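Just data.csv here, CSV, C-alpha atoms:
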```
chain,number,residue,atom,x,y,z
A,232,MET,CA,18.3,-33.6,-35.7
A,233,ALA,CA,20.4,-30.6,-34.9
A,234,ARG,CA,20.4,-28.0,-32.1
A,235,ILE,CA,20.7,-24.3,-31.8
A,236,VAL,CA,22.2,-22.8,-28.7
A,237,VAL,CA,21.0,-19.5,-27.2
A,238,ASP,CA,23.0,-18.0,-24.3
A,239,VAL,CA,21.4,-15.3,-22.2
A,240,MET,CA,23.3,-13.3,-19.5
A,241,LEU,CA,22.2,-10.6,-17.1
A,242,LYS,CA,23.3,-7.2,-18.3
A,243,PRO,CA,26.7,-6.2,-16.8
A,244,GLU,CA,25.2,-3.4,-14.8
A,245,ILE,CA,22.6,-5.7,-13.2
A,246,LEU,CA,23.6,-7.2,-9.9
A,247,ASP,CA,23.6,-11.0,-10.0
A,248,PRO,CA,22.9,-12.2,-6.5
A,249,GLN,CA,23.1,-15.9,-7.6
A,250,GLY,CA,26.6,-15.4,-9.2
A,251,LYS,CA,27.7,-13.6,-6.0
A,252,ALA,CA,26.6,-16.5,-3.8
A,253,ILE,CA,28.5,-18.9,-6.1
A,254,ALA,CA,31.6,-16.7,-6.0
A,255,ASN,CA,31.5,-16.8,-2.2
A,256,GLU,CA,31.3,-20.5,-2.3
A,257,LEU,CA,34.4,-21.2,-4.5
A,258,PRO,CA,37.0,-20.5,-1.8
A,259,ARG,CA,35.3,-23.1,0.4
A,260,ILE,CA,36.2,-25.8,-2.1
A,261,GLY,CA,39.7,-24.5,-2.3
A,262,LEU,CA,39.5,-22.3,-5.4
A,263,GLU,CA,40.8,-18.8,-4.6
A,264,ASN,CA,41.5,-17.4,-8.1
A,265,PHE,CA,38.0,-16.4,-9.3
A,266,SER,CA,37.2,-12.9,-8.3
A,267,ASP,CA,33.7,-12.8,-9.7
A,268,VAL,CA,31.0,-15.1,-11.1
A,269,ARG,CA,28.1,-14.2,-13.4
A,270,GLN,CA,25.4,-16.8,-13.9
A,271,GLY,CA,23.6,-17.0,-17.2
A,272,LYS,CA,21.1,-19.3,-19.0
A,273,ARG,CA,21.7,-21.6,-21.9
A,274,PHE,CA,18.8,-22.8,-24.1
A,275,GLU,CA,19.1,-25.6,-26.6
A,276,LEU,CA,16.5,-25.5,-29.4
A,277,THR,CA,16.2,-28.8,-31.3
A,278,VAL,CA,15.3,-28.7,-35.0
A,279,GLU,CA,14.5,-31.3,-37.6
A,280,GLY,CA,17.3,-31.6,-40.2
A,281,GLU,CA,20.0,-29.0,-40.8
A,282,VAL,CA,20.4,-25.7,-39.0
A,283,THR,CA,19.6,-23.1,-41.7
A,284,GLU,CA,19.9,-19.3,-41.8
A,285,GLU,CA,16.1,-19.1,-41.5
A,286,LEU,CA,16.1,-21.3,-38.4
A,287,LEU,CA,18.8,-19.3,-36.9
A,288,ALA,CA,16.8,-16.1,-37.6
A,289,GLN,CA,13.8,-17.7,-35.8
A,290,ALA,CA,16.0,-18.7,-32.9
A,291,ARG,CA,17.2,-15.1,-32.6
A,292,GLN,CA,13.5,-14.0,-32.6
A,293,ALA,CA,12.8,-16.5,-29.8
A,294,ALA,CA,15.8,-15.2,-27.9
A,295,GLU,CA,14.7,-11.6,-28.2
A,296,GLU,CA,11.0,-12.1,-27.6
A,297,LEU,CA,10.7,-14.9,-25.1
A,298,LEU,CA,14.0,-16.3,-23.9
A,299,SER,CA,15.4,-13.0,-22.7
A,300,ASN,CA,14.0,-9.8,-21.2
A,301,PRO,CA,15.9,-6.9,-22.8
A,302,VAL,CA,15.4,-4.7,-19.7
A,303,ILE,CA,17.7,-6.9,-17.6
A,304,GLU,CA,19.3,-9.4,-20.0
A,305,ASP,CA,21.5,-9.6,-23.1
A,306,VAL,CA,21.4,-12.4,-25.7
A,307,VAL,CA,25.1,-13.1,-26.0
A,308,ASN,CA,25.1,-16.1,-28.4
A,309,VAL,CA,22.8,-17.7,-30.9
A,310,SER,CA,24.6,-20.4,-32.9
A,311,ALA,CA,24.3,-23.9,-34.3
A,312,LEU,CA,25.6,-26.6,-31.8
A,313,GLU,CA,28.4,-28.6,-33.2
A,314,ASP,CA,28.0,-32.2,-32.1
B,103,MET,CA,-23.5,2.5,-12.8
B,104,THR,CA,-24.3,3.7,-9.3
B,105,ASP,CA,-24.0,0.6,-7.1
B,106,LEU,CA,-20.6,-0.6,-6.0
B,107,LYS,CA,-22.0,-4.2,-6.2
B,108,ASP,CA,-22.5,-3.8,-9.9
B,109,VAL,CA,-18.8,-3.2,-10.5
B,110,ARG,CA,-17.3,-6.5,-11.8
B,111,VAL,CA,-13.6,-7.0,-11.1
B,112,GLY,CA,-11.9,-9.9,-12.8
B,113,VAL,CA,-9.3,-11.8,-10.9
B,114,VAL,CA,-7.0,-13.9,-13.1
B,115,THR,CA,-5.8,-17.4,-12.1
B,116,PHE,CA,-2.7,-18.9,-13.7
B,117,PRO,CA,-1.3,-22.3,-12.8
B,118,GLY,CA,0.7,-21.4,-9.7
B,119,THR,CA,-1.3,-18.3,-8.7
B,120,LEU,CA,-1.6,-18.2,-4.9
B,121,ASP,CA,-3.4,-15.0,-3.9
B,122,ASP,CA,-6.4,-15.0,-6.3
B,123,ARG,CA,-8.8,-15.8,-3.5
B,124,ASP,CA,-7.5,-13.1,-1.3
B,125,ALA,CA,-7.8,-10.6,-4.2
B,126,ALA,CA,-11.3,-11.7,-4.8
B,127,ARG,CA,-12.1,-11.3,-1.1
B,128,ALA,CA,-10.6,-7.9,-1.2
B,129,VAL,CA,-12.9,-6.9,-4.0
B,130,LYS,CA,-15.9,-8.2,-2.1
B,131,LEU,CA,-14.9,-6.4,1.1
B,132,ALA,CA,-14.5,-3.2,-0.9
B,133,GLY,CA,-18.1,-3.6,-2.1
B,134,GLY,CA,-17.6,-4.9,-5.6
B,135,THR,CA,-18.2,-8.2,-7.3
B,136,PRO,CA,-15.2,-10.5,-8.1
B,137,VAL,CA,-15.2,-12.5,-11.3
B,138,SER,CA,-12.9,-15.4,-11.8
B,139,LEU,CA,-10.8,-15.3,-15.1
B,140,TRP,CA,-8.9,-18.4,-16.3
B,141,HIS,CA,-5.5,-18.0,-17.8
B,142,ASP,CA,-6.3,-20.2,-20.8
B,143,GLU,CA,-9.4,-18.4,-21.9
B,144,ALA,CA,-9.2,-15.3,-24.1
B,145,ASP,CA,-12.4,-13.9,-22.4
B,146,LEU,CA,-12.6,-11.0,-20.0
B,147,LYS,CA,-16.3,-11.7,-19.2
B,148,ASN,CA,-17.2,-8.0,-19.6
B,149,VAL,CA,-15.4,-7.1,-16.4
B,150,ASP,CA,-14.8,-3.4,-15.5
B,151,ALA,CA,-11.3,-4.0,-14.1
B,152,VAL,CA,-8.8,-6.8,-13.8
B,153,ILE,CA,-6.5,-7.9,-11.0
B,154,ILE,CA,-3.4,-10.1,-11.7
B,155,PRO,CA,-2.7,-11.6,-8.3
B,156,GLY,CA,0.5,-12.9,-6.8
B,157,GLY,CA,2.0,-16.3,-6.7
B,158,PHE,CA,4.4,-18.2,-8.8
B,159,SER,CA,2.7,-18.5,-12.2
B,160,TYR,CA,4.0,-21.4,-14.2
B,161,GLY,CA,6.5,-22.0,-11.4
B,162,ASP,CA,8.3,-18.7,-12.4
B,163,TYR,CA,10.1,-20.8,-15.0
B,164,LEU,CA,12.2,-18.8,-17.5
B,165,ARG,CA,11.7,-15.5,-15.6
B,166,ALA,CA,9.1,-14.5,-13.0
B,167,GLY,CA,5.9,-13.7,-15.0
B,168,ALA,CA,7.5,-14.4,-18.4
B,169,ILE,CA,5.3,-17.3,-19.4
B,170,ALA,CA,2.1,-15.9,-17.9
B,171,ALA,CA,2.6,-12.7,-20.0
B,172,LYS,CA,2.0,-14.8,-23.1
B,173,ALA,CA,-1.2,-16.5,-21.8
B,174,ALA,CA,-4.4,-16.3,-23.7
B,175,VAL,CA,-6.1,-14.1,-21.1
B,176,MET,CA,-3.2,-11.6,-21.1
B,177,SER,CA,-3.6,-10.8,-24.8
B,178,LYS,CA,-7.1,-9.5,-23.9
B,179,VAL,CA,-5.9,-7.7,-20.8
B,180,ILE,CA,-3.2,-6.0,-22.8
B,181,ASP,CA,-5.6,-4.9,-25.5
B,182,ALA,CA,-8.2,-3.7,-23.0
B,183,ALA,CA,-5.6,-1.8,-20.9
B,184,ASN,CA,-4.3,0.0,-24.0
B,185,SER,CA,-7.7,0.7,-25.4
B,186,GLU,CA,-9.5,4.0,-25.4
B,187,ALA,CA,-11.7,2.7,-22.5
B,188,ALA,CA,-8.4,2.2,-20.5
B,189,LEU,CA,-9.5,-0.8,-18.4
B,190,PRO,CA,-8.1,-0.5,-14.9
B,191,VAL,CA,-5.5,-3.3,-14.3
B,192,LEU,CA,-3.7,-4.0,-11.1
B,193,GLY,CA,-0.7,-6.4,-10.8
B,194,ILE,CA,0.3,-7.5,-7.3
B,195,CYS,CA,3.7,-9.1,-6.7
B,196,ASN,CA,3.9,-11.8,-9.4
B,197,GLY,CA,1.1,-9.9,-11.1
B,198,PHE,CA,3.5,-6.8,-11.2
B,199,GLN,CA,6.2,-9.0,-12.8
B,200,ILE,CA,3.6,-10.2,-15.4
B,201,LEU,CA,2.7,-6.6,-16.2
B,202,THR,CA,6.3,-5.7,-16.8
B,203,GLU,CA,6.9,-8.8,-18.9
B,204,SER,CA,3.7,-7.8,-20.9
B,205,HIS,CA,5.2,-4.4,-21.5
B,206,LEU,CA,2.2,-2.7,-19.8
B,207,LEU,CA,4.6,-1.3,-17.3
B,208,PRO,CA,8.3,-0.4,-17.8
B,209,GLY,CA,11.3,-2.0,-16.0
B,210,SER,CA,11.6,-5.5,-14.5
B,211,MET,CA,12.1,-7.3,-11.2
B,212,ILE,CA,15.2,-9.3,-10.3
B,213,LYS,CA,16.2,-11.3,-7.2
B,214,ASN,CA,16.3,-9.4,-4.0
B,215,ASP,CA,19.7,-7.8,-3.4
B,216,HIS,CA,20.2,-9.8,-0.2
B,217,ARG,CA,19.3,-13.1,-2.1
B,218,LYS,CA,16.7,-14.2,0.4
B,219,PHE,CA,12.9,-14.5,0.4
B,220,ILE,CA,11.5,-11.8,2.6
B,221,CYS,CA,8.2,-11.5,4.4
B,222,ARG,CA,7.5,-8.4,6.6
B,223,ASP,CA,5.0,-5.7,7.3
B,224,GLN,CA,6.1,-2.9,5.0
B,225,VAL,CA,5.5,0.8,5.2
B,226,LEU,CA,4.6,2.4,1.9
B,227,ARG,CA,4.0,6.0,0.8
B,228,ILE,CA,1.4,6.8,-1.7
B,229,ASP,CA,3.4,9.1,-4.0
B,230,THR,CA,0.6,9.7,-6.5
B,231,ASN,CA,-3.1,9.3,-6.1
B,232,GLU,CA,-3.8,10.1,-9.7
B,233,THR,CA,-4.3,6.5,-10.7
B,234,SER,CA,-7.3,4.2,-10.9
B,235,TRP,CA,-6.0,2.2,-7.9
B,236,THR,CA,-4.8,5.0,-5.5
B,237,SER,CA,-7.4,7.7,-5.9
B,238,GLN,CA,-8.9,7.1,-2.4
B,239,TYR,CA,-5.6,7.8,-0.6
B,240,GLU,CA,-4.1,11.2,0.2
B,241,LYS,CA,-0.9,11.9,-1.7
B,242,GLY,CA,1.9,11.3,0.8
B,243,GLN,CA,-0.2,9.1,3.0
B,244,GLU,CA,1.7,6.2,4.5
B,245,ILE,CA,0.2,2.7,4.7
B,246,VAL,CA,1.4,-0.7,6.1
B,247,VAL,CA,0.8,-3.9,4.1
B,248,PRO,CA,2.5,-7.3,4.0
B,249,LEU,CA,5.4,-7.8,1.6
B,250,LYS,CA,6.6,-11.3,0.6
B,251,ASN,CA,8.8,-12.0,-2.3
B,252,GLN,CA,12.1,-13.3,-3.6
B,253,ASP,CA,12.3,-11.5,-7.0
B,254,GLY,CA,11.3,-8.1,-5.7
B,255,GLN,CA,14.1,-5.8,-6.7
B,256,TYR,CA,12.7,-3.3,-9.2
B,257,VAL,CA,15.2,-2.3,-11.8
B,258,ALA,CA,15.0,-0.1,-14.9
B,259,ASP,CA,17.6,1.9,-16.9
B,260,PRO,CA,18.4,5.4,-15.7
B,261,ALA,CA,16.3,7.1,-18.5
B,262,THR,CA,13.2,5.1,-17.5
B,263,LEU,CA,13.7,5.9,-13.8
B,264,GLU,CA,14.1,9.6,-14.7
B,265,GLU,CA,10.9,9.5,-16.8
B,266,LEU,CA,8.9,7.7,-14.0
B,267,GLU,CA,10.0,10.3,-11.5
B,268,ALA,CA,9.5,13.3,-13.8
B,269,GLU,CA,6.0,12.1,-14.8
B,270,ASN,CA,5.0,11.4,-11.2
B,271,ARG,CA,4.4,7.7,-11.9
B,272,VAL,CA,5.9,6.1,-8.8
B,273,ALA,CA,2.6,5.2,-7.1
B,274,PHE,CA,4.1,3.4,-4.0
B,275,ARG,CA,7.5,3.9,-2.4
B,276,TYR,CA,9.1,2.0,0.4
B,277,VAL,CA,9.5,4.0,3.5
B,278,GLY,CA,12.1,3.5,6.3
B,279,PHE,CA,13.5,0.3,4.8
B,280,ASN,CA,14.1,-0.9,1.3
B,281,PRO,CA,13.4,-4.6,1.5
B,282,ASN,CA,15.0,-5.7,-1.8
B,283,GLY,CA,17.3,-3.1,-3.3
B,284,SER,CA,14.7,-1.6,-5.6
B,285,ARG,CA,15.9,1.4,-7.5
B,286,ASN,CA,14.7,4.7,-6.0
B,287,ASP,CA,12.9,2.7,-3.3
B,288,ILE,CA,10.2,2.0,-5.8
B,289,ALA,CA,7.5,-0.4,-4.6
B,290,GLY,CA,4.9,0.2,-7.3
B,291,ILE,CA,4.4,2.2,-10.5
B,292,THR,CA,1.7,3.3,-12.9
B,293,ASN,CA,1.5,3.7,-16.7
B,294,LYS,CA,1.1,7.1,-18.3
B,295,ARG,CA,-2.7,7.0,-18.2
B,296,GLY,CA,-2.9,5.8,-14.6
B,297,ASN,CA,-5.1,2.9,-15.4
B,298,VAL,CA,-2.4,0.2,-15.0
B,299,VAL,CA,-0.7,-0.1,-11.6
B,300,GLY,CA,1.7,-2.7,-10.4
B,301,LEU,CA,3.3,-3.2,-7.0
B,302,MET,CA,5.3,-5.8,-5.1
B,303,PRO,CA,3.7,-5.6,-1.6
B,304,HIS,CA,0.2,-7.1,-1.0
B,305,PRO,CA,-2.6,-4.7,-0.3
B,306,GLU,CA,-5.1,-7.6,-0.7
B,307,HIS,CA,-3.7,-9.1,2.6
B,308,ALA,CA,-4.6,-5.9,4.5
B,309,VAL,CA,-8.3,-5.4,3.9
B,310,GLU,CA,-10.0,-6.4,7.1
B,311,PRO,CA,-9.6,-4.7,10.5
B,312,GLY,CA,-7.8,-6.9,12.9
B,313,PHE,CA,-6.3,-9.2,10.3
B,314,GLY,CA,-3.6,-7.1,8.6
B,315,PRO,CA,-0.6,-5.3,9.9
B,316,SER,CA,-1.2,-2.1,12.0
B,317,SER,CA,0.1,1.2,10.8
B,318,VAL,CA,-0.1,3.3,13.9
B,319,GLY,CA,1.1,2.0,17.2
B,320,SER,CA,-1.6,1.1,19.7
B,321,GLY,CA,-4.7,2.5,21.2
B,322,GLU,CA,-8.4,2.7,20.6
B,323,ASP,CA,-8.2,4.7,17.4
B,324,VAL,CA,-6.0,2.0,16.0
B,325,ALA,CA,-8.4,-0.8,16.6
B,326,LEU,CA,-10.9,0.6,14.2
B,327,ARG,CA,-8.7,0.8,11.2
B,328,ALA,CA,-5.7,-1.3,12.0
B,329,GLY,CA,-4.9,-3.9,9.4
B,330,ALA,CA,-7.1,-2.6,6.6
B,331,ASP,CA,-4.6,-0.1,5.0
B,332,GLY,CA,-4.7,-2.0,1.6
B,333,LEU,CA,-8.5,-1.7,1.2
B,334,GLY,CA,-8.2,1.7,-0.4
B,335,VAL,CA,-6.5,0.2,-3.5
B,336,PHE,CA,-9.7,-1.7,-4.2
B,337,THR,CA,-12.2,1.0,-3.3
B,338,SER,CA,-10.2,3.4,-5.5
B,339,ALA,CA,-10.8,1.2,-8.6
B,340,LEU,CA,-14.5,0.7,-7.7
B,341,GLN,CA,-15.0,4.4,-7.3
B,342,ALA,CA,-13.1,5.3,-10.4
B,343,ILE,CA,-15.5,3.0,-12.4
B,344,ILE,CA,-18.6,4.3,-10.8
B,345,ASN,CA,-17.5,7.9,-11.4
B,346,LYS,CA,-16.9,7.3,-15.1
```
Would you put the structure from the file into C-alpha cells?
Amino acid sequence: MARIVVDVMLKPEILDPQGKAIANELPRIGLENFSDVRQGKRFELTVEGEVTEELLAQARQAAEELLSNPVIEDVVNVSALED
Amino acid sequence: MTDLKDVRVGVVTFPGTLDDRDAARAVKLAGGTPVSLWHDEADLKNVDAVIIPGGFSYGDYLRAGAIAAKAAVMSKVIDAANSEAALPVLGICNGFQILTESHLLPGSMIKNDHRKFICRDQVLRIDTNETSWTSQYEKGQEIVVPLKNQDGQYVADPATLEELEAENRVAFRYVGFNPNGSRNDIAGITNKRGNVVGLMPHPEHAVEPGFGPSSVGSGEDVALRAGADGLGVFTSALQAIINK
C-alpha cells in the first residue's frame, strides 16, 4: 500500500487567525525568530499498490473538489509519499 | 394556495445540526407548516421552501459545511434552487456555510478575525427586500437578532464583493459593530434570483415577543414587538409562496 499526500493552505491574502495565535505563542517557549506562522492541512490518501499517474489525477480531483475550497484555499502539493 | 398553513417549509437535519427545532418553530409561528428533511434522504417531500439550519454539521470536519454540502438531500436542494421554479432556500449560520460550500452562494466563511466564539444581540440592516426571505421588511430597516458563531467571517475575492454590491445582493449588513471581520460588514447575501439567501445571525431565535433581543430601548411600544425581529424572514417566504 502506498500513500498520496495532499497539502492545502489558506490563500496568502486570507487572514489565518490560528496561525497568528501560534505565532504569538512561540516566544513563550523561547523561540523568537519566527515572524509569522501559517497553518495548513495535510491529507494522506492510501491506495492499493503503486501510485500511478491516474491515481495522482484522482487525488488532484479530490483536492480540488472536496479537500479544499478554492475561495479561501490553495492546493499547494499533491504527490506520492516516499516511505 | 391561499392559506399560510398550506405552505410546507422543509427543515433539514444533518448529524450535528442544532437549530432545526427552532427553525421549525419559527415556521410554525409565522403560520406555515414545517416538514422535517433528513440529510441522508434524497427527498424534499414536495416542500415549497427549504431552511438549512445552524449547528455543526458533521462536526464541521474538513471545513464548516463542506461535508454537509455533499449530502444526499443537498443534491436535491441544489437542483430545486437552480430550477425554473426557483425553490426558496434559506441557510442560517452553518446553513449559510453549507450554501457557500454547495456553490449556491458565492464566497466563504473563515474563523472570526478575533479568533473567539462570539454570542451577542446583533443589529442588522435589511439592505435589499427583493428576496424571497426579506420581502416583508422595509429596505433599510434595522432589526436585532442573536448571533453566535466561530467561523463567521465572510470573505470573497474583490470581484465577487464588487458584483454583490453592484447587483444589490447584500441582504443583511452588520450595523454598529462588525462581530467577526466580515468583508463589507456582510451578514447575509442572496443569489441573483433572490430565492437563495444565507446569513450568519439567527432570525429563528427572535420570533416570539418577549423571548428574543429587543431592538428599540424600552417602553410600552417595545413590549409588543420586542424580540420578534426575525419573524419577518419566515413570513416573507410564506407570503412569497402564497403570492406566486
Kindly determine which residues of chain A lie within 8 Å of chain B, considering all atoms listed in the file, and give the answer as a ChimeraX atom specification.
/A:246-249,297-298,300,302-303
Expected file: the selected residues, C-alpha atoms, as a compact mmCIF listing (two decimals), in the coordinates of the input:
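Full text of again.txt as output:
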```txt
# COMPACT_ATOMS: atom_id res chain seq x y z
CA LEU A 246 23.60 -7.20 -9.90
CA ASP A 247 23.60 -11.00 -10.00
CA PRO A 248 22.90 -12.20 -6.50
CA GLN A 249 23.10 -15.90 -7.60
CA LEU A 297 10.70 -14.90 -25.10
CA LEU A 298 14.00 -16.30 -23.90
CA ASN A 300 14.00 -9.80 -21.20
CA VAL A 302 15.40 -4.70 -19.70
CA ILE A 303 17.70 -6.90 -17.60
```
Coordinates of box centre and edge lengths for region 235-246 of chain B, 3 Å on every side, axis-aligned, as AutoDock Vina command-line options:
```
--center_x -3.5 --center_y 5.6 --center_z -0.9 --size_x 16.8 --size_y 18.6 --size_z 20.0
```
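Shortest separation to Lys242 (chain A) among A:Glu313, A:Asp305, A:Glu281, A:Glu296 occurs at residue A:Asp305, atoms counted being all atoms listed in the file.
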Closest pair table for region 168-215 of chain B residues within 9 Å of region 297-300 of chain B, all atoms listed in the file, as a tab-separated table:
```
residue	atom	partner	partner_atom	distance
B:Ala183	CA	B:Val298	CA	7.0
B:Ala188	CA	B:Asn297	CA	6.1
B:Leu189	CA	B:Asn297	CA	6.5
B:Pro190	CA	B:Asn297	CA	4.6
B:Val191	CA	B:Val298	CA	4.7
B:Leu192	CA	B:Val299	CA	4.9
B:Gly193	CA	B:Gly300	CA	4.4
B:Ile194	CA	B:Gly300	CA	5.9
B:Cys195	CA	B:Gly300	CA	7.7
B:Gly197	CA	B:Gly300	CA	7.3
B:Phe198	CA	B:Gly300	CA	4.5
B:Gln199	CA	B:Gly300	CA	8.1
B:Leu201	CA	B:Gly300	CA	7.1
B:Thr202	CA	B:Gly300	CA	8.4
B:Leu206	CA	B:Val298	CA	7.3
B:Leu207	CA	B:Val298	CA	7.5
```
Go ahead and compute the interatomic distance for CA of Glu244 (chain A) and CA of Gln270 (chain A), in Å to one decimal.
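Going from CA of Glu244 (chain A) over to CA of Gln270 (chain A), I get 13.4 Å.
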Pick out the residues sitting within 8 Å of Ile344 (chain B), and hand them over as an MDAnalysis selection string; count only C-alpha atoms, and ignore anything fewer than 3 positions along from it in its own chain.
chainID B and resid 103:106 109 340:341
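The space between CA of Gly242 (chain B) and CA of Asn270 (chain B) spans 12.4 Å.
Each of A:Leu312, A:Met240, A:Met232, A:Ile253 was checked against Glu275 (chain A) using all atoms listed in the file; the smallest atom-to-atom distance is that of A:Leu312.
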Which residues are close to Asp122 (chain B), i.e. within 10 Å by all atoms listed in the file, leaving aside same-chain residues fewer than 6 positions away? Reply as a VMD selection string.
chain B and resid 112 to 116 128 138 to 139 153 to 157 306
Interatomic distance between CA of Val282 (chain A) and CA of Arg269 (chain A)?
29.1 Å
Fill-in result for region 296-311 of chain A, N, CA and C atoms as a PDB file, keeping the file's coordinate frame:
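The result, written out as rebuild-v7.pdb:
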```pdb
ATOM      1  N   GLU A 296      12.345 -12.293 -28.029  1.00  0.00           N
ATOM      2  CA  GLU A 296      11.000 -12.100 -27.600  1.00  0.00           C
ATOM      3  C   GLU A 296      10.517 -12.891 -26.423  1.00  0.00           C
ATOM      4  N   LEU A 297      11.181 -14.016 -26.162  1.00  0.00           N
ATOM      5  CA  LEU A 297      10.700 -14.900 -25.100  1.00  0.00           C
ATOM      6  C   LEU A 297      11.866 -15.282 -24.125  1.00  0.00           C
ATOM      7  N   LEU A 298      12.970 -15.723 -24.697  1.00  0.00           N
ATOM      8  CA  LEU A 298      14.000 -16.300 -23.900  1.00  0.00           C
ATOM      9  C   LEU A 298      14.758 -15.282 -23.028  1.00  0.00           C
ATOM     10  N   SER A 299      14.729 -14.015 -23.450  1.00  0.00           N
ATOM     11  CA  SER A 299      15.400 -13.000 -22.700  1.00  0.00           C
ATOM     12  C   SER A 299      14.447 -11.812 -22.437  1.00  0.00           C
ATOM     13  N   ASN A 300      14.745 -11.040 -21.415  1.00  0.00           N
ATOM     14  CA  ASN A 300      14.000  -9.800 -21.200  1.00  0.00           C
ATOM     15  C   ASN A 300      15.033  -8.657 -21.376  1.00  0.00           C
ATOM     16  N   PRO A 301      14.847  -7.858 -22.438  1.00  0.00           N
ATOM     17  CA  PRO A 301      15.900  -6.900 -22.800  1.00  0.00           C
ATOM     18  C   PRO A 301      16.092  -5.795 -21.706  1.00  0.00           C
ATOM     19  N   VAL A 302      15.193  -5.703 -20.755  1.00  0.00           N
ATOM     20  CA  VAL A 302      15.400  -4.700 -19.700  1.00  0.00           C
ATOM     21  C   VAL A 302      16.549  -5.151 -18.770  1.00  0.00           C
ATOM     22  N   ILE A 303      16.694  -6.456 -18.577  1.00  0.00           N
ATOM     23  CA  ILE A 303      17.700  -6.900 -17.600  1.00  0.00           C
ATOM     24  C   ILE A 303      18.725  -7.887 -18.222  1.00  0.00           C
ATOM     25  N   GLU A 304      18.466  -8.380 -19.438  1.00  0.00           N
ATOM     26  CA  GLU A 304      19.300  -9.400 -20.000  1.00  0.00           C
ATOM     27  C   GLU A 304      19.811  -9.106 -21.401  1.00  0.00           C
ATOM     28  N   ASP A 305      20.963  -9.677 -21.760  1.00  0.00           N
ATOM     29  CA  ASP A 305      21.500  -9.600 -23.100  1.00  0.00           C
ATOM     30  C   ASP A 305      21.525 -11.019 -23.701  1.00  0.00           C
ATOM     31  N   VAL A 306      21.165 -11.143 -24.982  1.00  0.00           N
ATOM     32  CA  VAL A 306      21.400 -12.400 -25.700  1.00  0.00           C
ATOM     33  C   VAL A 306      22.858 -12.327 -26.169  1.00  0.00           C
ATOM     34  N   VAL A 307      23.702 -13.227 -25.658  1.00  0.00           N
ATOM     35  CA  VAL A 307      25.100 -13.100 -26.000  1.00  0.00           C
ATOM     36  C   VAL A 307      25.577 -14.117 -27.042  1.00  0.00           C
ATOM     37  N   ASN A 308      24.704 -15.081 -27.353  1.00  0.00           N
ATOM     38  CA  ASN A 308      25.100 -16.100 -28.400  1.00  0.00           C
ATOM     39  C   ASN A 308      23.869 -16.776 -28.925  1.00  0.00           C
ATOM     40  N   VAL A 309      23.767 -16.830 -30.265  1.00  0.00           N
ATOM     41  CA  VAL A 309      22.800 -17.700 -30.900  1.00  0.00           C
ATOM     42  C   VAL A 309      23.580 -18.427 -32.028  1.00  0.00           C
ATOM     43  N   SER A 310      23.768 -19.728 -31.899  1.00  0.00           N
ATOM     44  CA  SER A 310      24.600 -20.400 -32.900  1.00  0.00           C
ATOM     45  C   SER A 310      24.211 -21.892 -32.983  1.00  0.00           C
ATOM     46  N   ALA A 311      24.572 -22.510 -34.087  1.00  0.00           N
ATOM     47  CA  ALA A 311      24.300 -23.900 -34.300  1.00  0.00           C
ATOM     48  C   ALA A 311      25.275 -24.700 -33.322  1.00  0.00           C
TER      49      ALA A 311
END
```
